Every structure is written in structure tokens, then in C-alpha cells.
Amino acid sequence: MSQQTNANRPGLFKSEDWWAVWLGLFIFLLGLLRLAGVDLVGWVVKTSVWLDLSKALSPVSGALQGKLSGFASLFLTYVFLTAILSIGIASMGGKVGRFIGGFTIIFWITYICWIIGHNAFIAATPDQYAKLKIGWSLRLTGESGFIIALIVGLLIGNLWPGLTRYLQEAARPEWYIKAAIVILGAKVGLYALQSTGLAAQIIFRGFCAIIEAYLIYWPIVYFVARKYFRFTPEWAAPLASGISICGVSAAIATGGAIKARPIVPIIVSSLVIIFAVVELLILPFAAQAWLYQEPMVAGAWMGLAVKTDGAAAASGAIVDALIRSKAATVLGLKWQEGWMLMSATTVKVFIDIFIAIWAFLLAVIWCWKIECKPGEKVSAADIWVRFPKFVLGYAATFVLVLLIGAGLADEGRKLLQAGIGGADNFRGIFFALTFFSIGLVSNFRTLKEEGMGRLALVYLICLFGFIIWIGLFISWIFFHGITPPQIS
Amino acid sequence: MSEQEKLERLPEEGEWFDLLPVEKKLILGSLGLGVVLLFILVWLSYTVVPVAK
């Protein structure tokens with residue numbers, strides 16, 4: 001480790017890590033150009049919850065709707081992604097022709113899964129029933145498309161070895177998720193920018209709650225995984241981050257920070273997604289039953305307990321609708337919409353921000369203490385080599401949006417929001433590509449050999465044994481007694 | 001199994017070993033800091049920046 005030379009350190013254009021930064025920043029800059037009056041991301045495809053399949057797809061820009069069909073928008077998105085990813089592959093010395101062939105298949109299968117996941121009877125949440133004129137759904141949100149992509153990927157990966165080998169060059173889950181996280185930084189910056197005034201108070205408490213959650217959740221999960229389930233640090237650290245912090249992003253960042261094998265964060269991510277869906281199905285209804293008199297506690301609890309950004313935000317939206325409805329009926333109080341969702345997303349935003357800091361701390365500890373051989377010194381340069389570079393991209397987009405947004409008037413902020421919102425559609429696509437690729441590269445036999453059952457058990461015990469309850473306790477301490485403004 | 005497949009197989013996970021002193025310090029330090037900060041942050045939340053209803 002300490003003898004690593006400059007020669008074997010990947011350059012700025014030779015590693016997936018750096019290329020995730022370049023791709024994320026490039027897409028971010030395209031969105032940012034909206035401020036200059038140039039809409040370079042309006043043509044990107046957006047997928048909506050649908051009952052009529054012909055209405056599932058549309059371009060992001062309202063100005064292009066009616067002029068550009070949803071399918072044409074999807075095709076342009078495919079061409080654009082194929083082009084920029086191929087440049088990255090060429091620069092990294094990959095087989096471009098093989099990548100394009102594989103990526104084409106991966107993209108279209110993934111997107112079909114993504115569209116299926118947005119079907120109203122699968123994805124719609126109760127607050128959308130009236131608009132869609134339906135009486136029931138599985139309430140899984142559009143993110144169920146991730147699960148469908150994962151399952152299809154697993155089926156192909158395990159039952160169709162010939163096709164899997166052909167797709168191998170383009171099945172790069174780490175690359176896709178890291179690019180998505182860089183783009184996510186801009187969206188998180190936008191959230192932070194929008195939350196001012198009274199909201200700033202909630203932000204402060206959300207910040208406090210997150211510090212507590214990190215410092216208490218993580219060491220307990222790590223201890224349980226290491227001591228009682230006999231996992232090595234390589235497994236225990238990403239698992240602790242995945243279960244206790246922010247699911248997929250945290251597992252990937254931690255895996256990168258401690259230089260775990262790629263399979264480790266990928267398997268942990270698979271578990272995170274599955275359990276996030278379970279949480280999404282249970283916790284909002286538990287919050288409605290127990291916390292309808294403490295709405296902000298309920299919102300913060302969703303942010304602290306439900307893993308993955310999408311599932312946490314969806315839980316916040318469901319809780320917002322469920323509790324306002326119950327409060328109106330039982331308490332005779334009509335609370336303003338959106339405050340519970342805000343407390344959930346605020347907490348989640350800070351979780352996302354802290355991922356980078358936590359990953360850095362772990363990188364330093366692993367590099368200096370845990371993996372050091374007797375007498376071996378680790379230099380600052382080694383820490384830099386080990387540091388996950390995509391975290392820098394995430395921090396850069398976050399800070400840039402904050403700095404740019406702070407100097408803008410309302411009209412400018414709307415343009416910024418539109419541009420970043422357009423670019424953020426690529427994040428959803430990269431996430432979906434990640435999950436299909438995870439399925440593709442995950443062999444059931446390997447999972448069994450690596451102890452998937454044991455991982456699931458430790459996840460189940462930690463999540464339902466104490467993570468959810470400590471999250472509820474922390475939410476209660478910081479948010480109890482606060483209620484949203486009433487509607488007159 | 002072909003040679004290529006053997007090469008592509010993931011390396012096995014390392015052998016389990018008991019918690020190292022540095023891991024114990026990390027766990028206890030994190031928990032201790034969490035408990036101490038809990039009191040400080042709750043105090044700050046309710047006195048320095050009380051939330052307006």
C-alpha cells in the first residue's frame with residue numbers, strides 16, 4: 001500500500017471513479033446552462049406514473065411536450081448516454097464496440113423495467129389516487145422500477161450465461177451509481193437553497209438529528225456485524241453504513257473508502273433496496289397510527305429510518321398525506337401541506353452530505369490503522385489514492401448550486417431549479433442502470449458463498465431491532481411539539 | 001470451469017478475526033461522542049435556536 005508508486009495510480013481519465021466525476025459534472029453543467037437561457041437538457045426523457053402507456057414518457061421541458069414524442073425523447077437520451085459513456089470507455093482502454101452493443105441491450109431492458117415500475121397500480125401513492133382516479137395500488141412508488149430491473153438482471157445473470165458474458169463490458173454498476181451521486185449533489189444543493197426562514201430552524205434540528213444518528217447507529221451495527229455475525233471489517237463497514245446511514249450511496253462510498261471488493265457494496269446495496277421497499281410499505285402507516293399528533297416527528301422519522309433517497313422522500317410524502325388526513329378527522333386540525341415531507345427530506349439531505357465526511361474518516365482510519373502492517377507507514381498520498389474521487393464531484397455540485405443560487409433572484413432560481421431538475425433525470429436513469437447491472441453481475445451461487453443469508457439476517461435484526469426505534473427516539477427528541485402552520 | 005472463468009471469480013473473503021483495539025476505540029469513541037453531543041445538541045435546539053410554531 002505504502003509502496004504504491006505514481007506509475008500504478010490511475011490518472012484523471014483512466015479510472016471509473018474519475019470518469020464518474022467528469023460525466024456527472026458534464027451533465028450538471030448542461031443543466032446549469034439553463035441560467036444562460038440555453039436549455040440543453042429539456043429533451044431528456046421523463047417517466048411519469050401512468051395508466052395509459054402512451055402517457056408514460058415525455059420530454060422534461062414543458063416547451064417540448066407536443067413537439068417531441070416521449071419515445072423520440074427516450075431514443076435521444078439513449079444516444080446521448082451511449083456517446084458520453086463510450087468516450088469514457090475509450091479513454092479507460094475498454095472495448096468500445098463491445099460496450100455499445102452491451103449498453104444498448106442493458107439500456108432498453110432497464111428502461112422497460114423502469115416504465116413498468118411506474119404503472120399506477122404499482123407505483124401510485126394514496127395522495128395520487130384522486131388525480132389518477134384509482135382506488136388502490138401497491139404504493140411502491142416509481143422506484144419499484146429499480147426492483148424490477150434488479151430482478152430481471154438477476155434472472156438474466158443467473159439463467160443466461162452467454163448473454164451475460166456479452167453484456168459484461170457494459171455492466172458497470174459502480175460507474176453508474178457514482179455518476180448518479182455526483183448529479184445528486186446538485187439536487188441536494190437545491191433542497192438546501194430552497195429551505196429558508198422558519199425552515200432553517202427545522203434544518204438545524206435535522207442537522208443535529210443526523211449527527212446523532214451517524215454516531216449511534218453506525219458503531220452499534222458495526223459491532224453487531226463484527227462480533228456476533230463474524231463479518232470481517234471489509235463487510236461490516238459497508239453493511240453498517242448501508243443499514244444505518246443512507247443505503248446505497250453510503251454503502252458504495254464506504255466500500256470505496258475502505259477499498260472493499262466491488263461485490264461487497266453491490267450486495268449490501270441489493271439488500272438496502274429490498275428492505276427500503278419493505279420500510280416504505282410499513283412505516284408511513286405506523287407513523288399515521290402512532291404519531292398523528294406529532295407530525296414533524298413522523299416526517300423526520302421517515303428521513304432517519306427509510307433508506308435510499310427516493311424511498312425516504314416517498315415515505316415523507318405518504319406520511320404527509322396520511323397524517324394531515326387523520327388530524328383533520330380526529331383532531332379537527334387542518335395542517336398546511338408539505339411540512340412533514342420537508343422534515344423528511346431535510347434529514348435526508350444532511351445524511352447525503354455527511355456521507356462524504358464519514359467516508360473520508362473511514363478511509364483515514366482504515367488506511368492508517370486497520371489495514372496497516374507492522375512497521376508500515378501510510379503517507380498522505382496513499383489516503384488520496386484511496387479517497388473516493390466521486391465524493392469530490394458530489395461536494396462540487398452541491399457547493400456550486402448553493403453559491404450560484406445564493407446570488408440569484410427568484411426568477412433566476414426558478415431557471416436553476418428547472419435546469420438541475422432536467423439534469424437530475426439522468427440520475428434516475430443511472431440508478432436504474434445500476435440496479436439492472438447489479439442483478440447482472442450478481443451470481444446466486446456467489447451470493448450464497450459470500451453469506452447473503454447472514455447479511456440479510458444482520459440487516460433484519462439491526463433495522464427492526466434498533467435502527468427504527470433509535471431513529472424514532474432521536475426524531476422525538478428534536479422535533480416533538482412542533483406542528484405545521486394551520487390552514488384557516 | 002475454464003481458466004478464464006477461474007480468473008474472473010472473485011477472491012474469497014478474508015478470514016474472520018476478533019475486533020482490533022482500533023475498531024473498539026472507533027466503536028466506543030463514536031458512541032461516547034454521540035451521547036455527549038446528544039445533550040449538547042438538545043440544549044442548543046431548545047435554548048439557542050428554539051423552533052417557532
# chains A, B, ... in the order shown; residues from 1 in each chain; ligands from 1

call {"tool": "closest_atom_pairs", "arguments": {"of": "chain B", "to": "chain A", "cutoff": "6 Å", "atoms": "only C-alpha atoms", "output": "CSV"}}
result
residue,atom,partner,partner_atom,distance
B:Trp16,CA,A:Thr232,CA,5.3
B:Ile27,CA,A:Pro219,CA,4.7
B:Ser30,CA,A:Leu215,CA,5.1
B:Leu31,CA,A:Ile216,CA,5.3
B:Gly34,CA,A:Leu215,CA,4.9
B:Val51,CA,A:Gln201,CA,5.6

call {"tool": "write_last_selection", "arguments": {"atoms": "C-alpha atoms", "output": "mmCIF file, in the first residue's frame"}}
result
data_model
loop_
_atom_site.group_PDB
_atom_site.id
_atom_site.type_symbol
_atom_site.label_atom_id
_atom_site.label_comp_id
_atom_site.auth_asym_id
_atom_site.auth_seq_id
_atom_site.Cartn_x
_atom_site.Cartn_y
_atom_site.Cartn_z
ATOM 1 C CA TRP B 16 -12.626 -13.528 10.409
ATOM 2 C CA ILE B 27 -16.959 1.991 18.268
ATOM 3 C CA SER B 30 -18.308 7.156 18.222
ATOM 4 C CA LEU B 31 -20.898 6.065 20.786
ATOM 5 C CA GLY B 34 -22.854 10.559 20.262
ATOM 6 C CA VAL B 51 -38.342 26.449 16.723
#

call {"tool": "residues_around", "arguments": {"residues": "Gly393 in chain A", "least_positions_apart": "6", "cutoff": "12 Å", "atoms": "only C-alpha atoms", "output": "ChimeraX atom specification"}}
result
/A:17-28,178-186,356,399-400

call {"tool": "write_last_selection", "arguments": {"atoms": "N, CA and C atoms", "output": "PDB file, in the first residue's frame"}}
result
ATOM      1  N   ASP A  17     -13.789   5.876 -11.301  1.00  0.00           N
ATOM      2  CA  ASP A  17     -14.036   6.853 -10.251  1.00  0.00           C
ATOM      3  C   ASP A  17     -13.973   8.281 -10.797  1.00  0.00           C
ATOM      4  N   TRP A  18     -12.868   8.594 -11.492  1.00  0.00           N
ATOM      5  CA  TRP A  18     -12.721   9.935 -12.067  1.00  0.00           C
ATOM      6  C   TRP A  18     -13.733  10.171 -13.186  1.00  0.00           C
ATOM      7  N   TRP A  19     -13.975   9.145 -13.989  1.00  0.00           N
ATOM      8  CA  TRP A  19     -14.910   9.340 -15.096  1.00  0.00           C
ATOM      9  C   TRP A  19     -16.336   9.571 -14.601  1.00  0.00           C
ATOM     10  N   ALA A  20     -16.654   9.015 -13.425  1.00  0.00           N
ATOM     11  CA  ALA A  20     -17.960   9.311 -12.823  1.00  0.00           C
ATOM     12  C   ALA A  20     -18.052  10.801 -12.516  1.00  0.00           C
ATOM     13  N   VAL A  21     -16.925  11.367 -12.045  1.00  0.00           N
ATOM     14  CA  VAL A  21     -16.895  12.813 -11.746  1.00  0.00           C
ATOM     15  C   VAL A  21     -17.096  13.616 -13.028  1.00  0.00           C
ATOM     16  N   TRP A  22     -16.348  13.255 -14.081  1.00  0.00           N
ATOM     17  CA  TRP A  22     -16.445  14.033 -15.335  1.00  0.00           C
ATOM     18  C   TRP A  22     -17.849  13.950 -15.927  1.00  0.00           C
ATOM     19  N   LEU A  23     -18.407  12.732 -15.935  1.00  0.00           N
ATOM     20  CA  LEU A  23     -19.748  12.573 -16.516  1.00  0.00           C
ATOM     21  C   LEU A  23     -20.782  13.356 -15.707  1.00  0.00           C
ATOM     22  N   GLY A  24     -20.693  13.223 -14.384  1.00  0.00           N
ATOM     23  CA  GLY A  24     -21.645  13.912 -13.514  1.00  0.00           C
ATOM     24  C   GLY A  24     -21.543  15.423 -13.680  1.00  0.00           C
ATOM     25  N   LEU A  25     -20.289  15.933 -13.713  1.00  0.00           N
ATOM     26  CA  LEU A  25     -20.095  17.379 -13.852  1.00  0.00           C
ATOM     27  C   LEU A  25     -20.568  17.870 -15.222  1.00  0.00           C
ATOM     28  N   PHE A  26     -20.321  17.074 -16.253  1.00  0.00           N
ATOM     29  CA  PHE A  26     -20.738  17.457 -17.612  1.00  0.00           C
ATOM     30  C   PHE A  26     -22.265  17.602 -17.675  1.00  0.00           C
ATOM     31  N   ILE A  27     -22.958  16.606 -17.129  1.00  0.00           N
ATOM     32  CA  ILE A  27     -24.427  16.657 -17.139  1.00  0.00           C
ATOM     33  C   ILE A  27     -24.924  17.822 -16.276  1.00  0.00           C
ATOM     34  N   PHE A  28     -24.252  18.022 -15.146  1.00  0.00           N
ATOM     35  CA  PHE A  28     -24.599  19.148 -14.265  1.00  0.00           C
ATOM     36  C   PHE A  28     -24.435  20.483 -15.004  1.00  0.00           C
ATOM     37  N   LYS A 178     -21.898   6.003  -9.170  1.00  0.00           N
ATOM     38  CA  LYS A 178     -21.043   7.131  -8.784  1.00  0.00           C
ATOM     39  C   LYS A 178     -21.387   8.376  -9.608  1.00  0.00           C
ATOM     40  N   ALA A 179     -21.643   8.179 -10.903  1.00  0.00           N
ATOM     41  CA  ALA A 179     -22.058   9.317 -11.741  1.00  0.00           C
ATOM     42  C   ALA A 179     -23.373   9.885 -11.213  1.00  0.00           C
ATOM     43  N   ALA A 180     -24.263   8.989 -10.799  1.00  0.00           N
ATOM     44  CA  ALA A 180     -25.560   9.433 -10.266  1.00  0.00           C
ATOM     45  C   ALA A 180     -25.373  10.251  -8.995  1.00  0.00           C
ATOM     46  N   ILE A 181     -24.436   9.843  -8.162  1.00  0.00           N
ATOM     47  CA  ILE A 181     -24.219  10.549  -6.897  1.00  0.00           C
ATOM     48  C   ILE A 181     -23.655  11.951  -7.142  1.00  0.00           C
ATOM     49  N   VAL A 182     -22.794  12.087  -8.157  1.00  0.00           N
ATOM     50  CA  VAL A 182     -22.276  13.430  -8.495  1.00  0.00           C
ATOM     51  C   VAL A 182     -23.439  14.346  -8.897  1.00  0.00           C
ATOM     52  N   ILE A 183     -24.364  13.810  -9.695  1.00  0.00           N
ATOM     53  CA  ILE A 183     -25.519  14.609 -10.121  1.00  0.00           C
ATOM     54  C   ILE A 183     -26.424  14.904  -8.916  1.00  0.00           C
ATOM     55  N   LEU A 184     -26.511  13.936  -8.007  1.00  0.00           N
ATOM     56  CA  LEU A 184     -27.337  14.107  -6.809  1.00  0.00           C
ATOM     57  C   LEU A 184     -26.900  15.318  -5.985  1.00  0.00           C
ATOM     58  N   GLY A 185     -25.602  15.602  -5.965  1.00  0.00           N
ATOM     59  CA  GLY A 185     -25.084  16.735  -5.200  1.00  0.00           C
ATOM     60  C   GLY A 185     -25.791  18.036  -5.564  1.00  0.00           C
ATOM     61  N   ALA A 186     -26.065  18.217  -6.861  1.00  0.00           N
ATOM     62  CA  ALA A 186     -26.741  19.447  -7.315  1.00  0.00           C
ATOM     63  C   ALA A 186     -28.156  19.507  -6.770  1.00  0.00           C
ATOM     64  N   ALA A 356     -19.992  11.888   2.542  1.00  0.00           N
ATOM     65  CA  ALA A 356     -18.617  12.186   2.117  1.00  0.00           C
ATOM     66  C   ALA A 356     -17.693  12.305   3.322  1.00  0.00           C
ATOM     67  N   VAL A 399     -21.892  22.438  -3.616  1.00  0.00           N
ATOM     68  CA  VAL A 399     -21.416  23.783  -3.254  1.00  0.00           C
ATOM     69  C   VAL A 399     -21.691  24.782  -4.379  1.00  0.00           C
ATOM     70  N   LEU A 400     -21.484  24.350  -5.630  1.00  0.00           N
ATOM     71  CA  LEU A 400     -21.716  25.258  -6.762  1.00  0.00           C
ATOM     72  C   LEU A 400     -23.172  25.715  -6.821  1.00  0.00           C
TER      73      LEU A 400
END

call {"tool": "closest_residue", "arguments": {"among": "A:Ile105, A:Ile258, A:Leu155, A:Ala251", "to": "Val272 in chain A", "atoms": "only C-alpha atoms"}}
result
A:Ala251

call {"tool": "residues_around", "arguments": {"residues": "Phe103 in chain A", "least_positions_apart": "2", "cutoff": "12 Å", "atoms": "only C-alpha atoms", "output": "VMD selection string"}}
result
chain A and resid 78 to 79 81 to 86 89 95 to 101 105 to 111 164 166 to 173 176 433 to 434 436 to 437

call {"tool": "residues_around", "arguments": {"residues": "Tyr292 in chain A", "least_positions_apart": "5", "cutoff": "7 Å", "atoms": "only C-alpha atoms", "output": "JSON list (two decimals) with N, CA and C atoms, in the first residue's frame"}}
result
[["chain", "number", "residue", "atom", "x", "y", "z"],
["A", 287, "ALA", "N", -46.53, 5.35, 11.35],
["A", 287, "ALA", "CA", -46.44, 6.75, 11.77],
["A", 287, "ALA", "C", -47.83, 7.38, 11.85],
["A", 323, "ILE", "N", -51.16, 11.67, 7.61],
["A", 323, "ILE", "CA", -51.33, 12.32, 8.91],
["A", 323, "ILE", "C", -52.22, 13.57, 8.81],
["A", 326, "LYS", "N", -55.69, 12.26, 8.85],
["A", 326, "LYS", "CA", -56.13, 11.77, 10.15],
["A", 326, "LYS", "C", -56.32, 12.93, 11.15],
["A", 327, "ALA", "N", -55.41, 13.92, 11.09],
["A", 327, "ALA", "CA", -55.51, 15.06, 12.01],
["A", 327, "ALA", "C", -56.80, 15.84, 11.74]]

call {"tool": "atom_distance", "arguments": {"atom1": "CA of Ala149 in chain A", "atom2": "CA of Ser269 in chain A"}}
result
13.6 Å

call {"tool": "residues_around", "arguments": {"residues": "range 296-302 of chain A", "least_positions_apart": "5", "cutoff": "10 Å", "atoms": "only C-alpha atoms", "output": "MDAnalysis selection string"}}
result
chainID A and resid 202 205:206 209:210 279:280 283:284 286:288 290:291 307 311:320 323 338:348 468:484

call {"tool": "write_last_selection", "arguments": {"atoms": "C-alpha atoms", "output": "short mmCIF file (atom, residue, chain, number, x, y, z; two decimals), in the first residue's frame"}}
result
data_model
loop_
_atom_site.label_atom_id
_atom_site.label_comp_id
_atom_site.auth_asym_id
_atom_site.auth_seq_id
_atom_site.Cartn_x
_atom_site.Cartn_y
_atom_site.Cartn_z
CA ILE A 202 -36.02 22.63 11.04
CA ARG A 205 -32.68 20.20 14.16
CA GLY A 206 -32.35 17.89 11.19
CA ALA A 209 -30.56 14.52 14.46
CA ILE A 210 -28.23 13.31 11.73
CA GLU A 279 -39.98 0.03 5.14
CA LEU A 280 -41.86 2.13 2.61
CA LEU A 283 -43.50 2.79 8.35
CA PRO A 284 -45.79 5.52 6.93
CA ALA A 286 -47.17 3.01 11.58
CA ALA A 287 -46.44 6.75 11.77
CA GLN A 288 -50.04 7.58 10.95
CA TRP A 290 -48.79 6.41 16.43
CA LEU A 291 -47.65 9.91 15.53
CA LYS A 307 -33.07 4.08 3.40
CA ALA A 311 -37.93 5.78 -0.69
CA ALA A 312 -37.38 8.28 2.14
CA ALA A 313 -38.90 11.16 0.15
CA ALA A 314 -41.79 8.95 -0.93
CA SER A 315 -42.38 7.92 2.71
CA GLY A 316 -42.35 11.60 3.70
CA ALA A 317 -44.96 12.38 1.04
CA ILE A 318 -47.18 9.47 2.14
CA VAL A 319 -46.87 10.40 5.82
CA ASP A 320 -47.71 14.00 4.96
CA ILE A 323 -51.33 12.32 8.91
CA GLY A 338 -45.60 19.72 2.78
CA TRP A 339 -44.04 20.29 6.20
CA MET A 340 -43.71 16.63 7.14
CA LEU A 341 -42.24 15.93 3.72
CA MET A 342 -39.83 18.79 4.31
CA SER A 343 -38.63 17.40 7.64
CA ALA A 344 -38.08 14.00 5.95
CA THR A 345 -36.14 15.46 3.03
CA THR A 346 -34.18 17.86 5.27
CA VAL A 347 -32.93 14.97 7.37
CA LYS A 348 -32.13 13.03 4.21
CA ILE A 468 -36.01 2.22 13.50
CA TRP A 469 -36.56 2.74 17.25
CA ILE A 470 -33.44 4.83 17.84
CA GLY A 471 -34.49 6.87 14.79
CA LEU A 472 -37.90 7.38 16.37
CA PHE A 473 -36.29 8.38 19.69
CA ILE A 474 -33.95 10.90 18.02
CA SER A 475 -36.79 12.32 15.91
CA TRP A 476 -38.91 12.68 19.03
CA ILE A 477 -36.20 14.47 20.98
CA PHE A 478 -35.52 17.04 18.27
CA PHE A 479 -38.95 17.51 16.68
CA HIS A 480 -41.65 16.85 19.26
CA GLY A 481 -44.09 19.64 19.97
CA ILE A 482 -43.56 21.24 16.57
CA THR A 483 -46.58 21.34 14.28
CA PRO A 484 -47.06 22.73 10.77
#
